[in-house]
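input_0.txt follows; it contains compact mmCIF, N, CA and C atoms.
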# COMPACT_ATOMS: atom_id res chain seq x y z
N MET A 1 71.73 -122.22 -168.34
CA MET A 1 72.12 -123.57 -168.66
C MET A 1 72.36 -123.70 -170.15
N ASN A 2 73.29 -124.52 -170.51
CA ASN A 2 73.54 -124.72 -171.93
C ASN A 2 72.92 -126.03 -172.38
N GLU A 3 73.16 -126.37 -173.62
CA GLU A 3 72.54 -127.57 -174.17
C GLU A 3 73.45 -128.80 -174.08
N SER A 4 74.42 -128.76 -173.20
CA SER A 4 75.30 -129.92 -173.07
C SER A 4 74.58 -131.05 -172.35
N THR A 5 75.12 -132.24 -172.49
CA THR A 5 74.56 -133.39 -171.80
C THR A 5 74.80 -133.23 -170.32
N GLN A 6 73.77 -133.49 -169.54
CA GLN A 6 73.83 -133.27 -168.10
C GLN A 6 73.90 -134.60 -167.35
N PRO A 7 74.70 -134.65 -166.30
CA PRO A 7 74.75 -135.87 -165.49
C PRO A 7 73.45 -136.03 -164.70
N SER A 8 73.17 -137.25 -164.33
CA SER A 8 71.94 -137.52 -163.60
C SER A 8 72.19 -137.89 -162.15
N ALA A 9 73.41 -137.64 -161.65
CA ALA A 9 73.74 -137.97 -160.27
C ALA A 9 72.82 -137.21 -159.32
N GLY A 10 72.21 -137.93 -158.40
CA GLY A 10 71.35 -137.31 -157.41
C GLY A 10 69.97 -136.94 -157.92
N LEU A 11 69.67 -137.27 -159.16
CA LEU A 11 68.38 -136.92 -159.75
C LEU A 11 67.46 -138.13 -159.67
N ASP A 12 66.25 -137.91 -159.22
CA ASP A 12 65.25 -138.97 -159.13
C ASP A 12 64.90 -139.43 -160.54
N PRO A 13 65.16 -140.70 -160.88
CA PRO A 13 64.83 -141.19 -162.23
C PRO A 13 63.34 -141.12 -162.51
N GLY A 14 62.53 -141.17 -161.46
CA GLY A 14 61.09 -141.04 -161.64
C GLY A 14 60.71 -139.67 -162.18
N LEU A 15 61.50 -138.65 -161.85
CA LEU A 15 61.21 -137.30 -162.35
C LEU A 15 61.50 -137.21 -163.85
N VAL A 16 62.50 -137.94 -164.31
CA VAL A 16 62.79 -137.99 -165.75
C VAL A 16 61.61 -138.65 -166.47
N THR A 17 61.15 -139.77 -165.94
CA THR A 17 59.99 -140.46 -166.51
C THR A 17 58.77 -139.56 -166.50
N TYR A 18 58.56 -138.86 -165.41
CA TYR A 18 57.46 -137.92 -165.26
C TYR A 18 57.51 -136.85 -166.36
N THR A 19 58.70 -136.35 -166.64
CA THR A 19 58.88 -135.33 -167.68
C THR A 19 58.59 -135.92 -169.06
N HIS A 20 58.96 -137.17 -169.29
CA HIS A 20 58.62 -137.84 -170.55
C HIS A 20 57.09 -137.95 -170.69
N ILE A 21 56.42 -138.27 -169.61
CA ILE A 21 54.96 -138.37 -169.64
C ILE A 21 54.33 -137.03 -170.01
N ILE A 22 54.88 -135.96 -169.47
CA ILE A 22 54.36 -134.63 -169.79
C ILE A 22 54.52 -134.33 -171.28
N TYR A 23 55.70 -134.62 -171.83
CA TYR A 23 55.89 -134.43 -173.28
C TYR A 23 54.92 -135.32 -174.06
N GLY A 24 54.70 -136.54 -173.57
CA GLY A 24 53.76 -137.45 -174.23
C GLY A 24 52.34 -136.89 -174.24
N LEU A 25 51.93 -136.29 -173.14
CA LEU A 25 50.59 -135.68 -173.09
C LEU A 25 50.48 -134.51 -174.05
N HIS A 26 51.53 -133.69 -174.11
CA HIS A 26 51.51 -132.58 -175.08
C HIS A 26 51.47 -133.12 -176.51
N ALA A 27 52.24 -134.16 -176.78
CA ALA A 27 52.24 -134.77 -178.12
C ALA A 27 50.87 -135.36 -178.44
N LEU A 28 50.21 -135.95 -177.45
CA LEU A 28 48.86 -136.47 -177.66
C LEU A 28 47.90 -135.35 -178.05
N SER A 29 48.02 -134.20 -177.42
CA SER A 29 47.17 -133.06 -177.79
C SER A 29 47.41 -132.64 -179.24
N VAL A 30 48.67 -132.64 -179.64
CA VAL A 30 49.00 -132.30 -181.03
C VAL A 30 48.38 -133.33 -181.97
N LEU A 31 48.51 -134.60 -181.65
CA LEU A 31 47.95 -135.67 -182.49
C LEU A 31 46.43 -135.54 -182.59
N ILE A 32 45.78 -135.25 -181.49
CA ILE A 32 44.33 -135.06 -181.50
C ILE A 32 43.96 -133.88 -182.40
N GLY A 33 44.76 -132.81 -182.33
CA GLY A 33 44.51 -131.64 -183.18
C GLY A 33 44.70 -131.93 -184.66
N VAL A 34 45.67 -132.77 -184.97
CA VAL A 34 45.95 -133.10 -186.37
C VAL A 34 44.91 -134.05 -186.94
N THR A 35 44.47 -135.02 -186.13
CA THR A 35 43.59 -136.07 -186.64
C THR A 35 42.11 -135.83 -186.37
N GLY A 36 41.80 -134.90 -185.51
CA GLY A 36 40.40 -134.67 -185.14
C GLY A 36 39.85 -133.40 -185.75
N PRO A 37 38.65 -133.03 -185.32
CA PRO A 37 38.01 -131.84 -185.88
C PRO A 37 38.59 -130.52 -185.33
N ALA A 38 39.35 -130.59 -184.24
CA ALA A 38 39.93 -129.39 -183.65
C ALA A 38 41.23 -129.03 -184.37
N THR A 39 41.68 -127.81 -184.16
CA THR A 39 42.99 -127.40 -184.67
C THR A 39 44.04 -127.85 -183.67
N VAL A 40 45.29 -127.85 -184.08
CA VAL A 40 46.37 -128.21 -183.17
C VAL A 40 46.42 -127.22 -182.01
N ILE A 41 46.32 -125.94 -182.32
CA ILE A 41 46.40 -124.94 -181.25
C ILE A 41 45.21 -125.06 -180.30
N GLY A 42 44.02 -125.31 -180.84
CA GLY A 42 42.84 -125.46 -179.99
C GLY A 42 42.95 -126.69 -179.11
N SER A 43 43.40 -127.77 -179.68
CA SER A 43 43.57 -129.01 -178.93
C SER A 43 44.67 -128.87 -177.89
N PHE A 44 45.72 -128.15 -178.23
CA PHE A 44 46.84 -127.99 -177.32
C PHE A 44 46.46 -127.10 -176.13
N VAL A 45 45.77 -126.03 -176.40
CA VAL A 45 45.44 -125.07 -175.35
C VAL A 45 44.23 -125.50 -174.52
N PHE A 46 43.24 -126.10 -175.17
CA PHE A 46 42.01 -126.43 -174.47
C PHE A 46 41.79 -127.93 -174.28
N GLY A 47 42.69 -128.75 -174.82
CA GLY A 47 42.54 -130.19 -174.70
C GLY A 47 42.97 -130.70 -173.33
N LEU A 48 42.29 -131.70 -172.86
CA LEU A 48 42.56 -132.27 -171.54
C LEU A 48 44.01 -132.76 -171.39
N PRO A 49 44.60 -133.43 -172.39
CA PRO A 49 45.98 -133.90 -172.19
C PRO A 49 46.97 -132.77 -171.87
N SER A 50 46.89 -131.65 -172.59
CA SER A 50 47.82 -130.55 -172.34
C SER A 50 47.51 -129.83 -171.04
N ILE A 51 46.25 -129.73 -170.70
CA ILE A 51 45.89 -129.10 -169.43
C ILE A 51 46.42 -129.94 -168.28
N ILE A 52 46.25 -131.25 -168.37
CA ILE A 52 46.80 -132.14 -167.34
C ILE A 52 48.32 -132.00 -167.30
N ALA A 53 48.95 -131.93 -168.47
CA ALA A 53 50.41 -131.82 -168.54
C ALA A 53 50.91 -130.55 -167.85
N VAL A 54 50.28 -129.43 -168.10
CA VAL A 54 50.76 -128.19 -167.49
C VAL A 54 50.51 -128.19 -165.98
N ILE A 55 49.42 -128.80 -165.55
CA ILE A 55 49.19 -128.94 -164.11
C ILE A 55 50.29 -129.82 -163.50
N MET A 56 50.62 -130.91 -164.19
CA MET A 56 51.70 -131.79 -163.72
C MET A 56 53.02 -131.02 -163.63
N ASN A 57 53.27 -130.12 -164.57
CA ASN A 57 54.48 -129.28 -164.53
C ASN A 57 54.52 -128.47 -163.24
N TYR A 58 53.43 -127.82 -162.94
CA TYR A 58 53.39 -126.97 -161.75
C TYR A 58 53.48 -127.78 -160.46
N VAL A 59 52.89 -128.97 -160.44
CA VAL A 59 52.88 -129.79 -159.23
C VAL A 59 54.29 -130.21 -158.82
N ARG A 60 55.13 -130.56 -159.77
CA ARG A 60 56.47 -131.08 -159.42
C ARG A 60 57.61 -130.17 -159.86
N ARG A 61 57.27 -128.96 -160.22
CA ARG A 61 58.30 -128.01 -160.66
C ARG A 61 59.37 -127.78 -159.60
N SER A 62 58.99 -127.70 -158.35
CA SER A 62 59.97 -127.44 -157.29
C SER A 62 60.97 -128.59 -157.16
N GLU A 63 60.55 -129.82 -157.47
CA GLU A 63 61.47 -130.96 -157.41
C GLU A 63 62.53 -130.89 -158.51
N ALA A 64 62.20 -130.24 -159.60
CA ALA A 64 63.14 -130.13 -160.72
C ALA A 64 64.10 -128.95 -160.54
N ARG A 65 63.77 -128.04 -159.63
CA ARG A 65 64.59 -126.85 -159.43
C ARG A 65 66.03 -127.23 -159.09
N GLY A 66 66.97 -126.62 -159.78
CA GLY A 66 68.38 -126.88 -159.55
C GLY A 66 68.93 -128.06 -160.32
N THR A 67 68.09 -128.73 -161.10
CA THR A 67 68.55 -129.85 -161.92
C THR A 67 68.44 -129.46 -163.39
N TRP A 68 68.98 -130.31 -164.25
CA TRP A 68 68.87 -130.02 -165.68
C TRP A 68 67.43 -130.14 -166.16
N LEU A 69 66.58 -130.82 -165.41
CA LEU A 69 65.16 -130.93 -165.79
C LEU A 69 64.40 -129.63 -165.60
N GLU A 70 64.93 -128.74 -164.78
CA GLU A 70 64.26 -127.46 -164.56
C GLU A 70 64.01 -126.74 -165.88
N SER A 71 64.97 -126.80 -166.78
CA SER A 71 64.81 -126.12 -168.07
C SER A 71 63.69 -126.76 -168.89
N HIS A 72 63.48 -128.06 -168.75
CA HIS A 72 62.39 -128.72 -169.47
C HIS A 72 61.04 -128.32 -168.90
N PHE A 73 60.95 -128.24 -167.60
CA PHE A 73 59.70 -127.81 -166.99
C PHE A 73 59.36 -126.39 -167.44
N ARG A 74 60.35 -125.51 -167.44
CA ARG A 74 60.13 -124.13 -167.90
C ARG A 74 59.74 -124.11 -169.38
N TRP A 75 60.41 -124.93 -170.19
CA TRP A 75 60.15 -125.03 -171.63
C TRP A 75 58.70 -125.45 -171.87
N GLN A 76 58.24 -126.48 -171.15
CA GLN A 76 56.89 -126.99 -171.32
C GLN A 76 55.84 -125.98 -170.87
N ILE A 77 56.07 -125.36 -169.73
CA ILE A 77 55.12 -124.36 -169.22
C ILE A 77 55.03 -123.19 -170.18
N ARG A 78 56.16 -122.70 -170.63
CA ARG A 78 56.15 -121.57 -171.56
C ARG A 78 55.50 -121.93 -172.90
N THR A 79 55.73 -123.14 -173.36
CA THR A 79 55.09 -123.57 -174.60
C THR A 79 53.58 -123.48 -174.47
N PHE A 80 53.04 -123.98 -173.37
CA PHE A 80 51.59 -123.95 -173.15
C PHE A 80 51.07 -122.51 -173.08
N TRP A 81 51.68 -121.69 -172.24
CA TRP A 81 51.14 -120.34 -172.03
C TRP A 81 51.36 -119.43 -173.24
N PHE A 82 52.47 -119.58 -173.95
CA PHE A 82 52.65 -118.77 -175.16
C PHE A 82 51.71 -119.22 -176.26
N ALA A 83 51.41 -120.51 -176.36
CA ALA A 83 50.41 -120.97 -177.33
C ALA A 83 49.05 -120.36 -177.00
N PHE A 84 48.71 -120.33 -175.72
CA PHE A 84 47.46 -119.70 -175.29
C PHE A 84 47.45 -118.21 -175.65
N LEU A 85 48.56 -117.53 -175.37
CA LEU A 85 48.67 -116.10 -175.70
C LEU A 85 48.48 -115.86 -177.19
N TRP A 86 49.16 -116.65 -178.03
CA TRP A 86 49.05 -116.45 -179.48
C TRP A 86 47.65 -116.78 -180.00
N PHE A 87 46.98 -117.75 -179.35
CA PHE A 87 45.59 -118.05 -179.69
C PHE A 87 44.71 -116.84 -179.43
N VAL A 88 44.89 -116.22 -178.27
CA VAL A 88 44.09 -115.03 -177.91
C VAL A 88 44.40 -113.87 -178.84
N VAL A 89 45.68 -113.63 -179.11
CA VAL A 89 46.06 -112.54 -180.01
C VAL A 89 45.48 -112.76 -181.40
N ALA A 90 45.57 -113.98 -181.92
CA ALA A 90 45.02 -114.28 -183.24
C ALA A 90 43.51 -114.03 -183.26
N GLY A 91 42.84 -114.41 -182.18
CA GLY A 91 41.39 -114.18 -182.10
C GLY A 91 41.05 -112.71 -182.06
N ILE A 92 41.80 -111.94 -181.28
CA ILE A 92 41.53 -110.50 -181.16
C ILE A 92 41.79 -109.79 -182.48
N VAL A 93 42.86 -110.15 -183.15
CA VAL A 93 43.19 -109.51 -184.44
C VAL A 93 42.21 -109.95 -185.53
N SER A 94 41.83 -111.21 -185.52
CA SER A 94 40.99 -111.75 -186.59
C SER A 94 39.50 -111.41 -186.44
N ALA A 95 39.03 -111.25 -185.23
CA ALA A 95 37.59 -111.01 -185.01
C ALA A 95 37.06 -109.81 -185.78
N PRO A 96 37.69 -108.64 -185.70
CA PRO A 96 37.15 -107.51 -186.47
C PRO A 96 37.29 -107.69 -187.98
N LEU A 97 38.26 -108.50 -188.38
CA LEU A 97 38.49 -108.71 -189.81
C LEU A 97 37.45 -109.64 -190.44
N VAL A 98 36.70 -110.36 -189.62
CA VAL A 98 35.65 -111.23 -190.14
C VAL A 98 34.61 -110.40 -190.87
N LEU A 99 34.39 -109.20 -190.41
CA LEU A 99 33.41 -108.31 -191.03
C LEU A 99 33.86 -107.82 -192.40
N MET A 100 35.14 -107.91 -192.68
CA MET A 100 35.68 -107.44 -193.96
C MET A 100 35.84 -108.62 -194.91
N LEU A 101 34.74 -109.05 -195.49
CA LEU A 101 34.73 -110.12 -196.48
C LEU A 101 35.31 -111.43 -195.94
N GLY A 102 35.15 -111.66 -194.67
CA GLY A 102 35.62 -112.91 -194.09
C GLY A 102 37.13 -113.02 -193.98
N LEU A 103 37.82 -111.91 -194.10
CA LEU A 103 39.27 -111.92 -194.04
C LEU A 103 39.77 -112.47 -192.70
N GLY A 104 39.01 -112.28 -191.65
CA GLY A 104 39.40 -112.75 -190.32
C GLY A 104 39.50 -114.26 -190.25
N ILE A 105 38.69 -114.96 -191.00
CA ILE A 105 38.77 -116.42 -191.01
C ILE A 105 40.13 -116.85 -191.58
N PHE A 106 40.55 -116.19 -192.64
CA PHE A 106 41.85 -116.49 -193.24
C PHE A 106 42.99 -116.15 -192.29
N THR A 107 42.94 -114.97 -191.66
CA THR A 107 44.04 -114.59 -190.77
C THR A 107 44.11 -115.51 -189.55
N PHE A 108 42.95 -115.92 -189.02
CA PHE A 108 42.97 -116.82 -187.88
C PHE A 108 43.51 -118.19 -188.28
N PHE A 109 43.09 -118.67 -189.44
CA PHE A 109 43.57 -119.96 -189.94
C PHE A 109 45.09 -119.92 -190.16
N LEU A 110 45.58 -118.83 -190.75
CA LEU A 110 47.01 -118.68 -190.98
C LEU A 110 47.77 -118.64 -189.65
N ALA A 111 47.26 -117.87 -188.70
CA ALA A 111 47.90 -117.80 -187.38
C ALA A 111 47.88 -119.17 -186.71
N ALA A 112 46.77 -119.89 -186.83
CA ALA A 112 46.65 -121.22 -186.22
C ALA A 112 47.68 -122.18 -186.82
N LEU A 113 47.90 -122.09 -188.12
CA LEU A 113 48.91 -122.94 -188.77
C LEU A 113 50.32 -122.62 -188.29
N ILE A 114 50.63 -121.35 -188.18
CA ILE A 114 51.96 -120.93 -187.73
C ILE A 114 52.20 -121.36 -186.29
N VAL A 115 51.21 -121.12 -185.44
CA VAL A 115 51.36 -121.51 -184.03
C VAL A 115 51.40 -123.03 -183.89
N ALA A 116 50.65 -123.74 -184.71
CA ALA A 116 50.68 -125.21 -184.67
C ALA A 116 52.08 -125.72 -185.01
N ALA A 117 52.70 -125.14 -186.03
CA ALA A 117 54.06 -125.55 -186.40
C ALA A 117 55.03 -125.26 -185.24
N TRP A 118 54.85 -124.12 -184.59
CA TRP A 118 55.69 -123.75 -183.46
C TRP A 118 55.50 -124.73 -182.30
N ILE A 119 54.27 -125.12 -182.02
CA ILE A 119 53.98 -126.07 -180.95
C ILE A 119 54.65 -127.41 -181.25
N VAL A 120 54.49 -127.90 -182.47
CA VAL A 120 55.09 -129.17 -182.86
C VAL A 120 56.61 -129.10 -182.68
N TYR A 121 57.20 -128.01 -183.14
CA TYR A 121 58.64 -127.80 -182.99
C TYR A 121 59.05 -127.87 -181.52
N ARG A 122 58.33 -127.17 -180.66
CA ARG A 122 58.68 -127.12 -179.23
C ARG A 122 58.54 -128.49 -178.57
N VAL A 123 57.49 -129.21 -178.89
CA VAL A 123 57.28 -130.52 -178.28
C VAL A 123 58.36 -131.50 -178.76
N VAL A 124 58.60 -131.53 -180.06
CA VAL A 124 59.60 -132.46 -180.61
C VAL A 124 61.00 -132.11 -180.13
N ARG A 125 61.36 -130.85 -180.23
CA ARG A 125 62.71 -130.44 -179.83
C ARG A 125 62.95 -130.70 -178.35
N GLY A 126 61.97 -130.38 -177.52
CA GLY A 126 62.11 -130.61 -176.09
C GLY A 126 62.22 -132.08 -175.75
N TRP A 127 61.36 -132.88 -176.36
CA TRP A 127 61.36 -134.31 -176.05
C TRP A 127 62.65 -134.98 -176.51
N LEU A 128 63.16 -134.58 -177.67
CA LEU A 128 64.44 -135.13 -178.13
C LEU A 128 65.59 -134.72 -177.20
N ALA A 129 65.57 -133.49 -176.73
CA ALA A 129 66.61 -133.04 -175.80
C ALA A 129 66.51 -133.80 -174.48
N LEU A 130 65.29 -134.06 -174.03
CA LEU A 130 65.11 -134.84 -172.80
C LEU A 130 65.67 -136.25 -172.99
N ARG A 131 65.36 -136.84 -174.12
CA ARG A 131 65.88 -138.19 -174.42
C ARG A 131 67.40 -138.23 -174.35
N ASP A 132 68.01 -137.15 -174.86
CA ASP A 132 69.47 -137.06 -174.88
C ASP A 132 70.06 -136.47 -173.60
N ARG A 133 69.20 -136.22 -172.61
CA ARG A 133 69.60 -135.65 -171.32
C ARG A 133 70.26 -134.29 -171.46
N ARG A 134 69.73 -133.48 -172.38
CA ARG A 134 70.23 -132.13 -172.59
C ARG A 134 69.25 -131.12 -172.00
N THR A 135 69.79 -130.00 -171.55
CA THR A 135 68.92 -128.93 -171.06
C THR A 135 68.32 -128.19 -172.24
N MET A 136 67.26 -127.45 -171.96
CA MET A 136 66.64 -126.59 -172.96
C MET A 136 66.99 -125.15 -172.64
N TYR A 137 67.26 -124.36 -173.66
CA TYR A 137 67.40 -122.94 -173.41
C TYR A 137 65.99 -122.42 -173.16
N THR A 138 65.89 -121.34 -172.45
CA THR A 138 64.55 -120.82 -172.15
C THR A 138 64.44 -119.36 -172.43
In structure tokens, what does this structure look like?
Amino acid sequence: MNESTQPSAGLDPGLVTYTHIIYGLHALSVLIGVTGPATVIGSFVFGLPSIIAVIMNYVRRSEARGTWLESHFRWQIRTFWFAFLWFVVAGIVSAPLVLMLGLGIFTFFLAALIVAAWIVYRVVRGWLALRDRRTMYT
């Protein structure tokens, strides 16, 4: 699918609203990470709003199949699972480095900042494309 504007003929408008809610839940997780004691990546991966959002993705994914919303569901699911993957990789790489003068704390913090920026980018870009009725590349 390309990023052109997609028609909504035959598409349940409730599914579009549902997809907006999912982006809203992911955005809430980011906001909690920015304003609270957790990091953005920690809040996104382990926070209730994003966990609910990814479950919602899986619950209605089959309804989006074959529509332009399918790319948004895939985009949201991949954002969640790749954020989780990068969190785990950062932890695995940083853990042994903690023993070396606390270098692991710096590397984990740096990785968390990079992944947080990536998460924000994915949520904002996806939500704006949804607003404009555009598909997401995946």
Please provide as a list of chain:residue names all residues within 8 Å of Trp86 in chain A, with the sequence filter that same-chain residues fewer than 4 positions apart are discarded (counting all atoms listed in the file).
-> A:Phe80, A:Trp81, A:Phe82, A:Ala90, A:Gly91, A:Ile92, A:Ala111, A:Ala112, A:Val115
Filtering to N, CA and C atoms, could you give me those residues as an mmCIF file, in the frame of the given file?
data_model
loop_
_atom_site.group_PDB
_atom_site.id
_atom_site.type_symbol
_atom_site.label_atom_id
_atom_site.label_comp_id
_atom_site.auth_asym_id
_atom_site.auth_seq_id
_atom_site.Cartn_x
_atom_site.Cartn_y
_atom_site.Cartn_z
ATOM 1 N N PHE A 80 53.040 -123.980 -173.370
ATOM 2 C CA PHE A 80 51.590 -123.950 -173.150
ATOM 3 C C PHE A 80 51.070 -122.510 -173.080
ATOM 4 N N TRP A 81 51.680 -121.690 -172.240
ATOM 5 C CA TRP A 81 51.140 -120.340 -172.030
ATOM 6 C C TRP A 81 51.360 -119.430 -173.240
ATOM 7 N N PHE A 82 52.470 -119.580 -173.950
ATOM 8 C CA PHE A 82 52.650 -118.770 -175.160
ATOM 9 C C PHE A 82 51.710 -119.220 -176.260
ATOM 10 N N ALA A 90 45.570 -113.980 -181.920
ATOM 11 C CA ALA A 90 45.020 -114.280 -183.240
ATOM 12 C C ALA A 90 43.510 -114.030 -183.260
ATOM 13 N N GLY A 91 42.840 -114.410 -182.180
ATOM 14 C CA GLY A 91 41.390 -114.180 -182.100
ATOM 15 C C GLY A 91 41.050 -112.710 -182.060
ATOM 16 N N ILE A 92 41.800 -111.940 -181.280
ATOM 17 C CA ILE A 92 41.530 -110.500 -181.160
ATOM 18 C C ILE A 92 41.790 -109.790 -182.480
ATOM 19 N N ALA A 111 47.260 -117.870 -188.700
ATOM 20 C CA ALA A 111 47.900 -117.800 -187.380
ATOM 21 C C ALA A 111 47.880 -119.170 -186.710
ATOM 22 N N ALA A 112 46.770 -119.890 -186.830
ATOM 23 C CA ALA A 112 46.650 -121.220 -186.220
ATOM 24 C C ALA A 112 47.680 -122.180 -186.820
ATOM 25 N N VAL A 115 51.210 -121.120 -185.440
ATOM 26 C CA VAL A 115 51.360 -121.510 -184.030
ATOM 27 C C VAL A 115 51.400 -123.030 -183.890
#
Identify all residues of chain A in helix (DSSP H, G or I) (DSSP on the backbone) and supply them as a PyMOL selection string.
-> chain A and resi 13-35+40-46+48-64+69-97+103-131
Within-12 Å shell of (61.3, -127.7, -161.3) in input frame, only C-alpha atoms, as a list in words =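 Returned residue set, sorted by chain then number, is Leu11, Leu15, Val16, Tyr18, Thr19, Met56, Asn57, Tyr58, Val59, Arg60, Arg61, Ser62, Glu63, Ala64, Arg65, Gly66, Thr67, Trp68, Leu69, Glu70, Ser71, His72, Phe73, Arg74, Trp75, Gln76 and Ile77 of chain A.
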Separation of CA of Leu85 in chain A from atom N of Val30 in chain A, in Å and rounded to one decimal =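 Those two atoms sit 17.0 Å apart.
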Counting only C-alpha atoms, which of A:Thr79, A:Gly14, A:Ile52, A:Phe84 gets nearest to Tyr121 in chain A?
->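 Selected residue with least distance to Tyr121 in chain A: A:Thr79.
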Can you tell me how far atom C of Ser94 in chain A sits from atom N of Phe108 in chain A, in Å to one decimal?
-> 6.2 Å
Quick one: what's the axis-aligned box for range 44-49 of chain A, all listed atoms, 5 Å on every side, centre and edges in Å to one decimal, as JSON?
{"center_x": 44.4, "center_y": -129.5, "center_z": -174.8, "size_x": 15.2, "size_y": 18.8, "size_z": 16.8}
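Closest approach to Gly42 in chain A from the set A:Val120, A:Leu128, A:Val54, A:Phe87 is made by A:Phe87, with distances taken over all atoms listed in the file.
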Near-Val93 in chain A list (12 Å; only C-alpha atoms; drop same-chain fewer than 5 positions) as a ChimeraX atom specification | /A:86-88,98-99,103-111
With only C-alpha atoms as the basis for distance, which of A:Ala83, A:Thr17, A:Tyr23, A:Arg78 is at the shortest distance from Phe46 in chain A?
-> A:Ala83
Residue with smallest distance to Val45 in chain A - pool A:Leu97, A:Ala116, A:Ala129, A:Gly102, counting only C-alpha atoms |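 Smallest distance to Val45 in chain A is found for A:Ala116.
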Any idea what the distance is between atom N of Asp132 in chain A and atom N of Ala27 in chain A?
->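 Here the two named atoms are 16.2 Å from each other.
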Find, counting all atoms listed in the file, the residue in A:Asp12, A:Ser50, A:Ile55, A:Thr39 that gets nearest to Leu25 in chain A.
->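 Of A:Asp12, A:Ser50, A:Ile55, A:Thr39, the one nearest Leu25 in chain A is A:Ser50, counting all atoms listed in the file.
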So which residues touch His26 in chain A within 7 Å, counting only N, CA and C atoms, skipping near sequence neighbours fewer than 4 positions away, as a VMD selection string?
-> chain A and resid 21 to 22 30 to 31 44 49 to 50 53 123
